[in-house]
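J.: This one is query34.pdb, PDB, C-alpha atoms.
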```
MODEL        1
ATOM      1  CA  MET K  51      77.506 113.782  90.970
ATOM      2  CA  ASN K  52      74.050 113.875  92.522
ATOM      3  CA  SER K  53      73.385 117.389  93.826
ATOM      4  CA  ASP K  54      71.583 115.860  96.835
ATOM      5  CA  PHE K  55      74.838 114.316  98.103
ATOM      6  CA  ILE K  56      76.287 116.092 101.131
ATOM      7  CA  ARG K  57      79.958 116.750 100.466
ATOM      8  CA  LEU K  58      82.583 116.694 103.184
ATOM      9  CA  LYS K  59      85.054 119.542 102.954
ATOM     10  CA  ASN K  60      88.100 118.137 104.684
ATOM     11  CA  LEU K  61      89.162 114.537 104.375
ATOM     12  CA  GLU K  62      92.305 113.167 105.953
ATOM     13  CA  GLY K  63      94.786 111.267 103.842
ATOM     14  CA  GLU K  64      95.297 111.105 100.110
ATOM     15  CA  LEU K  65      92.228 110.490  97.934
ATOM     16  CA  LYS K  66      92.625 107.070  96.285
ATOM     17  CA  LEU K  67      89.297 106.367  94.554
ATOM     18  CA  THR K  68      85.795 107.784  94.187
ATOM     19  CA  GLN K  69      82.943 105.853  92.571
ATOM     20  CA  MET K  70      79.460 107.306  92.170
ATOM     21  CA  ASN K  71      76.126 106.754  90.524
ATOM     22  CA  SER K  72      72.864 108.641  91.013
ATOM     23  CA  VAL K  73      71.965 106.917  94.297
ATOM     24  CA  LEU K  74      75.251 105.946  95.953
ATOM     25  CA  GLY K  75      78.754 107.328  96.198
ATOM     26  CA  CYS K  76      81.843 105.858  97.800
ATOM     27  CA  SER K  77      85.242 107.470  98.332
ATOM     28  CA  VAL K  78      88.337 106.067  99.985
ATOM     29  CA  THR K  79      91.431 107.935 101.103
ATOM     30  CA  SER K  80      94.530 106.493 102.702
ATOM     31  CA  LYS K  81      92.798 107.036 106.092
ATOM     32  CA  GLU K  82      89.020 107.330 105.561
ATOM     33  CA  LEU K  83      85.982 105.818 103.888
ATOM     34  CA  VAL K  84      82.928 107.866 102.901
ATOM     35  CA  PHE K  85      79.540 106.548 101.756
ATOM     36  CA  GLN K  86      77.108 109.033 100.247
ATOM     37  CA  LYS K  87      73.465 108.723  99.408
ATOM     38  CA  PRO K  88      71.019 111.549  98.802
ATOM     39  CA  HIS K  89      70.811 113.803 101.884
ATOM     40  CA  MET K  90      73.026 111.538 104.032
ATOM     41  CA  THR K  91      76.768 110.907 104.252
ATOM     42  CA  TYR K  92      78.526 108.280 106.368
ATOM     43  CA  HIS K  93      82.123 109.089 107.266
ATOM     44  CA  LEU K  94      84.450 106.647 109.002
ATOM     45  CA  PHE K  95      88.118 106.026 109.518
ATOM     46  CA  LEU K  96      89.647 102.883 108.021
ATOM     47  CA  GLN K  97      91.260 102.072 111.376
ATOM     48  CA  ASP K  98      87.746 101.828 112.890
ATOM     49  CA  ILE K  99      86.678  98.956 110.622
ATOM     50  CA  ILE K 100      86.380  95.834 112.760
ATOM     51  CA  SER K 101      85.420  93.417 109.990
ATOM     52  CA  MET K 102      84.291  93.116 106.370
ATOM     53  CA  VAL K 103      82.369  90.011 105.363
ATOM     54  CA  PRO K 104      80.962  89.210 101.904
ATOM     55  CA  VAL K 105      77.168  89.025 101.869
ATOM     56  CA  THR K 106      75.109  87.112  99.340
ATOM     57  CA  LEU K 107      71.687  88.584  98.732
ATOM     58  CA  ASN K 108      68.908  86.294  97.515
ATOM     59  CA  LYS K 109      67.553  88.897  95.137
ATOM     60  CA  ARG K 110      69.448  91.669  93.395
ATOM     61  CA  ASN K 111      66.715  94.321  93.748
ATOM     62  CA  ILE K 112      65.252  94.212  97.231
ATOM     63  CA  SER K 113      64.299  96.835  99.787
ATOM     64  CA  PHE K 114      64.609  96.537 103.534
ATOM     65  CA  ARG K 115      64.217  98.844 106.486
ATOM     66  CA  ASN K 116      67.248  99.679 108.592
ATOM     67  CA  SER K 117      66.146 101.617 111.686
ATOM     68  CA  SER K 118      64.453 104.711 110.250
ATOM     69  CA  GLU K 119      65.412 104.436 106.573
ATOM     70  CA  TRP K 120      64.732 102.226 103.574
ATOM     71  CA  ILE K 121      67.674 100.603 101.802
ATOM     72  CA  GLN K 122      67.412  99.435  98.194
ATOM     73  CA  THR K 123      69.840  96.899  96.818
ATOM     74  CA  SER K 124      69.656  97.849  93.167
ATOM     75  CA  PHE K 125      73.254  99.032  92.867
ATOM     76  CA  GLY K 126      74.902  95.922  91.469
ATOM     77  CA  GLY K 127      78.329  94.743  92.470
ATOM     78  CA  ASP K 128      79.327  92.569  95.370
ATOM     79  CA  TYR K 129      77.883  93.346  98.788
ATOM     80  CA  TYR K 130      79.835  93.434 102.035
ATOM     81  CA  LYS K 131      78.833  93.772 105.655
ATOM     82  CA  LEU K 132      81.115  96.240 107.397
ATOM     83  CA  SER K 133      81.253  96.395 111.179
ATOM     84  CA  VAL K 134      82.781  99.612 112.475
ATOM     85  CA  LYS K 135      83.596 101.005 115.917
ATOM     86  CA  TRP K 136      82.639 104.579 115.063
ATOM     87  CA  VAL K 137      80.954 106.521 112.265
ATOM     88  CA  ARG K 138      79.979 110.145 111.706
ATOM     89  CA  VAL K 139      76.563 110.587 110.046
ATOM     90  CA  VAL K 140      76.070 113.891 108.234
ATOM     91  CA  THR K 141      72.525 114.942 107.277
ATOM     92  CA  ARG K 142      70.893 118.244 106.360
ATOM     93  CA  SER K 143      69.810 118.470 110.012
ATOM     94  CA  GLY K 144      73.308 118.165 111.422
ATOM     95  CA  VAL K 145      76.069 115.761 112.387
ATOM     96  CA  THR K 146      75.789 112.821 114.768
ATOM     97  CA  GLU K 147      78.263 110.182 115.823
ATOM     98  CA  ARG K 148      77.413 106.530 116.355
ATOM     99  CA  GLU K 149      79.324 103.611 117.799
ATOM    100  CA  ASP K 150      79.197  99.930 116.843
ATOM    101  CA  VAL K 151      77.521 100.292 113.444
ATOM    102  CA  GLU K 152      77.032  97.735 110.669
ATOM    103  CA  PHE K 153      76.580  98.540 106.969
ATOM    104  CA  ILE K 154      75.674  96.366 104.003
ATOM    105  CA  VAL K 155      77.153  98.099 100.977
ATOM    106  CA  PRO K 156      78.126  97.266  97.401
ATOM    107  CA  LEU K 157      81.871  97.570  96.841
ATOM    108  CA  SER K 158      83.822  97.114  93.636
ATOM    109  CA  THR K 159      86.993  95.048  93.465
ATOM    110  CA  LYS K 160      89.038  98.222  92.980
ATOM    111  CA  MET K 161      87.496  99.810  96.098
ATOM    112  CA  LEU K 162      88.230  96.639  98.096
ATOM    113  CA  GLU K 163      91.875  96.754  97.032
ATOM    114  CA  TYR K 164      92.295 100.257  98.444
ATOM    115  CA  ILE K 165      90.370  99.487 101.629
ATOM    116  CA  SER K 166      92.484  96.405 102.324
ATOM    117  CA  ALA K 167      95.729  98.201 101.468
ATOM    118  CA  TYR K 168      95.141 101.058 103.915
ATOM    119  CA  SER K 169      92.909  99.593 106.655
ATOM    120  CA  GLY K 170      95.259  96.939 107.995
ATOM    121  CA  LEU K 171      92.586  94.251 107.608
ATOM    122  CA  VAL K 172      93.838  90.755 106.826
ATOM    123  CA  VAL K 173      92.029  88.644 104.216
ATOM    124  CA  ILE K 174      90.966  85.209 105.469
ATOM    125  CA  HIS K 175      90.144  82.661 102.776
TER
ENDMDL
END
```
How does the structure come out when it is put into structure tokens?

T.:
Amino acid sequence: MNSDFIRLKNLEGELKLTQMNSVLGCSVTSKELVFQKPHMTYHLFLQDIISMVPVTLNKRNISFRNSSEWIQTSFGGDYYKLSVKWVRVVTRSGVTEREDVEFIVPLSTKMLEYISAYSGLVVIH
């Protein structure tokens, strides 16, 4: 695990899956979803996910600016746009909470299975 990842001490629910590489980590419990990147952790409850939509990126390795940070899409995997009602953002400077947030993140098939099983989202084909 990257030593720059900020770990959360107490997660609710049973840990189902954790996947990590040097620049991105993702964990899902039966109640929560956590995204980690160096020096920043996003923590949300599965019940707060409004929607998940597959996103096709034109290039596999692109960078784009999202508010005050740069995002690089060099992770591989399938990308999804998550819309959530509420998220807790943990940085070295402290903890903030945000409402109505959207993420574009790479998620594996295994991670999607757990998210769909515990979030209550319905797949529309």

J.: Translate the PyMOL selection byres ((chain K and resi 142-149) around 12) into a concrete residue list for this structure, as a list in words.

T.: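 Evaluating the PyMOL selection byres ((chain K and resi 142-149) around 12) on these coordinates yields Asp54, Phe55, Ile56, Arg57, Leu58, Pro88, His89, Met90, Thr91, Tyr92, His93, Leu94, Asp98, Ile99, Ile100, Ser133, Val134, Lys135, Trp136, Val137, Arg138, Val139, Val140, Thr141, Asp150, Val151 and Glu152 of chain K.
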
J.: Since I can't run it myself right now, could you work out what the PyMOL selection byres ((chain K and resi 69) around 12) selects here and report it as a PyMOL selection string?

T.: chain K and resi 51-52+65-68+70-78+83-86+125+156-162

J.: Within 12 Å of (95.5, 99.0, 102.4), all atoms listed in the file: residues as a PyMOL selection string?

T.: chain K and resi 66+78-83+96-97+160-173

J.: What is the atom CA of Val155 of chain K-atom CA of Phe95 of chain K distance in Å, reported with one decimal?

T.: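 If I compute the distance from atom CA of Val155 of chain K to atom CA of Phe95 of chain K, I get 16.0 Å.
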
J.: Would you mind reading off the distance between atom CA of Asn60 of chain K and atom CA of Leu132 of chain K, one decimal, in Å?

T.: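 Atom-to-atom, atom CA of Asn60 of chain K to atom CA of Leu132 of chain K, that is 23.1 Å.
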
J.: In Å, with one decimal, what is the gap from atom CA of Tyr129 of chain K to atom CA of Val103 of chain K?

T.: 8.6 Å

J.: If we count all atoms listed in the file, what is near Pro104 of chain K at a cut-off of 8 Å, once residues fewer than 6 positions away on the same chain are taken out, given as number ranges by chain?

T.: K: 128-131

J.: Please, can segment 78-89 of chain K be completed to all heavy atoms and returned as a tab-separated table (two decimals), keeping the file's coordinate frame?

T.:
```
chain	number	residue	atom	x	y	z
K	78	VAL	N	87.37	106.59	99.02
K	78	VAL	CA	88.34	106.07	99.98
K	78	VAL	C	89.60	106.91	99.88
K	78	VAL	O	90.06	107.25	98.79
K	78	VAL	CB	88.61	104.56	99.76
K	78	VAL	CG1	89.26	104.30	98.42
K	78	VAL	CG2	89.44	103.97	100.89
K	79	THR	N	90.13	107.28	101.04
K	79	THR	CA	91.43	107.94	101.10
K	79	THR	C	92.38	106.96	101.79
K	79	THR	O	91.97	105.86	102.16
K	79	THR	CB	91.38	109.26	101.91
K	79	THR	OG1	91.25	108.97	103.30
K	79	THR	CG2	90.25	110.16	101.43
K	80	SER	N	93.59	107.37	102.01
K	80	SER	CA	94.53	106.49	102.70
K	80	SER	C	94.18	106.34	104.18
K	80	SER	O	94.76	105.50	104.87
K	80	SER	CB	95.95	107.02	102.54
K	80	SER	OG	96.04	108.34	103.00
K	81	LYS	N	93.19	107.11	104.69
K	81	LYS	CA	92.80	107.04	106.09
K	81	LYS	C	91.30	106.90	106.32
K	81	LYS	O	90.88	106.51	107.42
K	81	LYS	CB	93.28	108.27	106.85
K	81	LYS	CG	94.78	108.39	106.92
K	81	LYS	CD	95.19	109.56	107.76
K	81	LYS	CE	96.71	109.59	107.84
K	81	LYS	NZ	97.19	110.58	108.80
K	82	GLU	N	90.46	107.24	105.33
K	82	GLU	CA	89.02	107.33	105.56
K	82	GLU	C	88.20	106.65	104.47
K	82	GLU	O	88.68	106.45	103.35
K	82	GLU	CB	88.59	108.80	105.63
K	82	GLU	CG	89.26	109.56	106.74
K	82	GLU	CD	88.99	111.05	106.65
K	82	GLU	OE1	89.11	111.61	105.55
K	82	GLU	OE2	88.65	111.63	107.69
K	83	LEU	N	86.95	106.38	104.82
K	83	LEU	CA	85.98	105.82	103.89
K	83	LEU	C	84.70	106.64	104.03
K	83	LEU	O	84.27	106.93	105.15
K	83	LEU	CB	85.73	104.35	104.23
K	83	LEU	CG	84.85	103.53	103.31
K	83	LEU	CD1	85.39	103.50	101.88
K	83	LEU	CD2	84.73	102.11	103.85
K	84	VAL	N	84.12	107.03	102.89
K	84	VAL	CA	82.93	107.87	102.90
K	84	VAL	C	81.88	107.22	101.99
K	84	VAL	O	82.17	106.90	100.84
K	84	VAL	CB	83.24	109.30	102.40
K	84	VAL	CG1	81.97	110.13	102.32
K	84	VAL	CG2	84.27	109.97	103.29
K	85	PHE	N	80.68	107.02	102.54
K	85	PHE	CA	79.54	106.55	101.76
K	85	PHE	C	78.54	107.69	101.65
K	85	PHE	O	78.22	108.31	102.68
K	85	PHE	CB	78.86	105.35	102.42
K	85	PHE	CG	79.71	104.13	102.49
K	85	PHE	CD1	80.23	103.71	103.70
K	85	PHE	CD2	80.01	103.41	101.35
K	85	PHE	CE1	81.03	102.59	103.78
K	85	PHE	CE2	80.81	102.28	101.42
K	85	PHE	CZ	81.32	101.87	102.64
K	86	GLN	N	78.07	107.95	100.45
K	86	GLN	CA	77.11	109.03	100.25
K	86	GLN	C	75.86	108.49	99.58
K	86	GLN	O	75.94	107.68	98.66
K	86	GLN	CB	77.70	110.12	99.36
K	86	GLN	CG	78.86	110.83	99.99
K	86	GLN	CD	79.45	111.84	99.04
K	86	GLN	OE1	79.95	111.47	97.99
K	86	GLN	NE2	79.39	113.10	99.42
K	87	LYS	N	74.74	108.94	100.07
K	87	LYS	CA	73.46	108.72	99.41
K	87	LYS	C	72.73	110.05	99.51
K	87	LYS	O	73.15	110.93	100.27
K	87	LYS	CB	72.72	107.55	100.01
K	87	LYS	CG	72.39	107.67	101.47
K	87	LYS	CD	71.75	106.41	101.96
K	87	LYS	CE	70.62	106.78	102.89
K	87	LYS	NZ	69.77	105.68	103.19
K	88	PRO	N	71.68	110.25	98.76
K	88	PRO	CA	71.02	111.55	98.80
K	88	PRO	C	70.66	111.96	100.24
K	88	PRO	O	70.06	111.20	100.98
K	88	PRO	CB	69.77	111.34	97.95
K	88	PRO	CG	70.20	110.29	96.96
K	88	PRO	CD	71.08	109.37	97.75
K	89	HIS	N	71.11	113.15	100.61
K	89	HIS	CA	70.81	113.80	101.88
K	89	HIS	C	71.46	113.15	103.10
K	89	HIS	O	71.15	113.51	104.23
K	89	HIS	CB	69.30	113.92	102.10
K	89	HIS	CG	68.58	114.52	100.94
K	89	HIS	ND1	68.73	115.84	100.59
K	89	HIS	CD2	67.75	113.97	100.04
K	89	HIS	CE1	68.00	116.10	99.51
K	89	HIS	NE2	67.40	114.98	99.16
```
